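Novice: Below you'll find target.cif; it's mmCIF, C-alpha atoms.
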```cif
data_model
loop_
_atom_site.label_atom_id
_atom_site.label_comp_id
_atom_site.auth_asym_id
_atom_site.auth_seq_id
_atom_site.Cartn_x
_atom_site.Cartn_y
_atom_site.Cartn_z
CA MET A 648 66.53 -15.30 -56.49
CA VAL A 649 68.04 -14.17 -53.33
CA GLU A 650 65.28 -11.73 -52.85
CA VAL A 651 62.57 -14.29 -53.41
CA ALA A 652 64.20 -16.67 -50.92
CA SER A 653 64.55 -13.94 -48.34
CA ILE A 654 60.91 -12.88 -48.82
CA ASP A 655 59.90 -16.51 -48.39
CA ASN A 656 61.95 -16.65 -45.19
CA VAL A 657 60.35 -13.44 -43.93
CA VAL A 658 56.83 -14.72 -44.68
CA LYS A 659 57.68 -18.02 -43.01
CA ASP A 660 59.06 -16.21 -39.94
CA ILE A 661 55.98 -13.97 -39.77
CA GLY A 662 53.77 -17.06 -39.96
CA GLU A 663 55.67 -18.66 -37.07
CA ILE A 664 55.48 -15.47 -35.01
CA TYR A 665 51.75 -15.19 -35.73
CA ALA A 666 51.22 -18.84 -34.75
CA ARG A 667 53.13 -18.39 -31.51
CA LEU A 668 51.37 -15.16 -30.57
CA PHE A 669 47.80 -15.80 -31.69
CA ASP A 670 47.32 -19.52 -32.16
CA HIS A 671 46.49 -20.95 -28.74
CA ARG A 672 45.28 -24.33 -29.97
CA PRO A 673 48.29 -26.31 -28.67
CA PHE A 674 48.00 -24.76 -25.20
CA VAL A 675 44.22 -25.11 -25.07
CA GLN A 676 44.43 -28.69 -26.34
CA GLY A 677 46.90 -29.54 -23.58
CA GLU A 678 44.64 -27.96 -20.93
CA ILE A 679 41.60 -29.85 -22.24
CA ASN A 680 43.50 -33.15 -22.14
CA PHE A 681 44.70 -32.43 -18.60
CA PHE A 682 41.16 -31.54 -17.46
CA LEU A 683 39.68 -34.68 -18.98
CA LYS A 684 42.39 -36.84 -17.47
CA GLU A 685 41.90 -35.18 -14.07
CA PHE A 686 38.12 -35.47 -14.26
CA GLU A 687 37.96 -39.05 -15.51
CA GLU A 688 40.80 -40.65 -13.56
CA LYS A 689 40.72 -38.95 -10.20
CA ARG A 690 37.00 -38.44 -9.73
CA ASN A 691 35.94 -41.82 -11.06
CA ASP A 692 32.51 -40.66 -12.21
CA ARG A 693 31.55 -39.42 -8.74
CA GLU A 694 29.64 -36.48 -10.18
CA ILE A 695 27.63 -38.73 -12.47
CA GLU A 696 26.75 -41.03 -9.57
CA GLN A 697 25.71 -38.02 -7.50
CA LEU A 698 23.58 -36.72 -10.37
CA PHE A 699 21.82 -40.10 -10.62
CA GLU A 700 21.20 -40.10 -6.85
CA ILE A 701 19.74 -36.61 -7.07
CA LEU A 702 17.57 -37.68 -10.01
CA GLU A 703 16.29 -40.68 -8.01
CA ASN A 704 15.53 -38.47 -5.00
CA VAL A 705 13.70 -35.91 -7.14
CA THR A 706 11.68 -38.64 -8.84
CA GLU A 707 10.76 -40.19 -5.48
CA ILE A 708 9.77 -36.82 -4.06
CA ARG A 709 7.72 -36.00 -7.14
CA GLU A 710 5.89 -39.33 -7.03
CA THR A 711 5.28 -39.62 -3.28
CA GLN A 712 5.73 -36.32 -1.53
CA LEU A 713 4.25 -33.87 -4.03
CA ASP A 714 0.63 -34.90 -3.46
CA LYS A 715 1.14 -34.98 0.29
CA ALA A 716 2.74 -31.51 0.22
CA GLN A 717 -0.10 -30.19 -1.93
CA ARG A 718 -2.77 -31.54 0.44
CA GLN A 719 -0.99 -30.13 3.48
CA GLY A 720 -0.49 -26.84 1.67
CA ASP A 721 -4.18 -26.63 0.81
CA THR A 722 -5.32 -27.29 4.40
CA ARG A 723 -2.65 -25.17 6.03
CA LEU A 724 -3.04 -22.31 3.57
CA CYS A 725 -6.78 -22.23 4.28
CA ASN A 726 -6.01 -22.04 8.00
CA LEU A 727 -3.35 -19.42 7.35
CA THR A 728 -5.76 -17.38 5.23
CA GLY A 729 -8.34 -17.50 8.02
CA ASN A 730 -5.77 -16.50 10.60
CA LEU A 731 -4.59 -13.63 8.43
CA GLU A 732 -8.14 -12.36 7.99
CA VAL A 733 -8.69 -12.47 11.75
CA ALA A 734 -5.37 -10.66 12.27
CA LEU A 735 -6.36 -7.99 9.74
CA GLN A 736 -9.71 -7.47 11.48
CA MET A 737 -7.96 -7.16 14.83
CA CYS A 738 -5.49 -4.67 13.35
CA SER A 739 -8.29 -2.56 11.91
CA LYS A 740 -10.10 -2.60 15.30
CA ILE A 741 -6.88 -1.49 16.99
CA VAL A 742 -6.49 1.31 14.45
CA GLU A 743 -10.11 2.39 15.00
CA ARG A 744 -9.64 2.40 18.78
CA GLU A 745 -6.43 4.37 18.40
CA GLU A 746 -8.19 6.91 16.21
CA GLU A 747 -11.06 7.17 18.72
CA THR A 748 -8.56 7.60 21.55
CA SER A 749 -6.64 10.25 19.65
CA ASP A 750 -9.92 12.04 18.87
CA ARG A 751 -10.88 11.95 22.56
CA VAL A 752 -7.44 13.19 23.56
CA ARG A 753 -7.66 15.97 20.98
CA ARG A 754 -11.13 17.00 22.19
CA THR A 755 -9.97 16.87 25.81
CA ALA A 756 -6.96 18.99 24.92
CA ASP A 757 -9.25 21.47 23.16
CA ILE A 758 -11.56 21.63 26.18
CA LEU A 759 -8.61 22.10 28.54
CA GLU A 760 -7.19 24.79 26.29
CA ARG A 761 -10.53 26.63 26.25
CA GLU A 762 -10.81 26.35 30.04
CA GLU A 763 -7.26 27.60 30.49
CA ARG A 764 -7.98 30.47 28.10
CA LYS A 765 -11.16 31.32 30.10
CA GLU A 766 -9.21 31.17 33.34
CA TRP A 767 -6.49 33.38 31.84
CA GLU A 768 -9.06 35.86 30.58
CA ALA A 769 -10.76 35.84 34.00
CA PHE A 770 -7.37 36.39 35.65
CA LEU A 771 -6.58 39.28 33.29
CA LYS A 772 -10.05 40.77 33.93
CA ASP A 773 -9.54 40.43 37.68
CA ILE A 774 -6.13 42.11 37.43
CA GLN A 775 -7.63 44.89 35.29
CA ASP A 776 -10.49 45.37 37.76
CA LYS A 777 -8.07 45.54 40.67
CA ASN A 778 -5.89 47.94 38.69
CA ASN A 779 -8.94 50.13 38.03
CA LEU A 780 -9.83 50.03 41.73
CA VAL A 781 -6.30 51.06 42.65
CA ASP A 782 -6.44 53.86 40.07
CA GLN A 783 -9.81 55.00 41.46
CA ALA A 784 -8.54 54.86 45.00
CA PHE A 785 -5.47 56.83 43.93
CA VAL A 786 -7.60 59.48 42.21
CA GLU A 787 -9.91 59.70 45.25
CA LYS A 788 -6.97 59.98 47.61
CA GLU A 789 -5.40 62.59 45.32
CA ASN A 790 -8.62 64.58 45.36
CA GLU A 791 -8.88 64.26 49.16
CA LEU A 792 -5.32 65.45 49.59
CA ARG A 793 -5.87 68.39 47.22
CA ASN A 794 -8.98 69.36 49.13
CA TYR A 795 -7.17 68.97 52.43
CA TYR A 796 -4.23 71.12 51.31
CA ARG A 797 -6.58 73.67 49.72
CA GLU A 798 -8.47 73.93 52.97
CA LEU A 799 -5.20 74.28 54.87
CA GLU A 800 -4.09 76.96 52.46
CA GLU A 801 -7.38 78.77 52.91
CA LYS A 802 -7.09 78.58 56.66
CA MET A 803 -3.54 79.81 56.47
CA HIS A 804 -4.61 82.77 54.34
CA ILE A 805 -7.33 83.60 56.69
CA SER A 806 -4.95 83.37 59.58
CA SER A 807 -2.33 85.40 57.80
CA HIS A 808 -4.89 88.06 56.87
CA GLN A 809 -6.07 88.30 60.45
CA ALA A 810 -2.56 88.56 61.74
CA GLU A 811 -1.90 91.54 59.50
#
```
The structure in this file should be written as C-alpha cells.

Specialist:
Amino acid sequence: MVEVASIDNVVKDIGEIYARLFDHRPFVQGEINFFLKEFEEKRNDREIEQLFEILENVTEIRETQLDKAQRQGDTRLCNLTGNLEVALQMCSKIVEREEETSDRVRRTADILEREERKEWEAFLKDIQDKNNLVDQAFVEKENELRNYYRELEEKMHISSHQAE
C-alpha cells in the first residue's frame, strides 16, 4: 500500500508541476480581467464614441461629398488629360528638335573632319613637294660640284703635265 500511496503522490506532484509550468490560464485570466477593467473604467467608452464620430463623418462624406468629388474629378481629370497630351506633344517636338540638332552637329562634324583631312593631306603633299624640290636641288648642286671639281682636277692634270 505504501507503494500505491507514493505513486499517487508522485502522480499528484507531477500534475501540479505540469499545471504550474504549462497551464497559463490563471495568469492569462488575471491579465484579461486587468485589461477589461483598465479599458472599461479608465477610458469610459472613449474609443466607442470616437468610432461613432468617425462613422458619422464617413456617412456624411459619402452622402454629400462623394458626388461633388466625382464631378470635380471628372472635370479636372479631363483638363489634366488634355494638359498631359499637350505636354507629351511638346516633349516629342523637343525630342525631334534635339535629334535634328544632333544630326546637324554630326554632319557638321563630319564636314569639318573631311575638310581637316583635306587640309592635312594638302599640307603633307606640300611638305612632300618641298622635300622633293630640296632633294632635286641637292642632286643638282651635287652634280654641279662634281663637275666643278672634275674640271678643276682636269685643269690641274693639264697644268701638272705641262709643268713636267

Novice: Quick one: pull the distance between atom CA of Lys772 of chain A and atom CA of Thr755 of chain A, Å, one decimal.

Specialist: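 So the two atoms, atom CA of Lys772 of chain A and atom CA of Thr755 of chain A, lie 25.2 Å apart.
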
Novice: Using all atoms of segment 767-786 of chain A listed in the file and a margin of 3 Å per side, can you give the axis-aligned box centre and edge lengths in Å to one decimal, as lines of an AutoDock Vina configuration file?

Specialist:
```
center_x = -8.1
center_y = 46.4
center_z = 37.8
size_x = 11.3
size_y = 32.1
size_z = 20.4
```

Novice: Report, in Å to a single decimal, how far apart atom CA of Glu707 of chain A and atom CA of Ile695 of chain A are.

Specialist: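 According to the coordinates, atom CA of Ile695 of chain A and atom CA of Glu707 of chain A are separated by 18.3 Å.
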
Novice: Could you state the separation of atom CA of Asn726 of chain A and atom CA of Ile708 of chain A in Å, given to one decimal place?

Specialist: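 So the answer is 24.8 Å.
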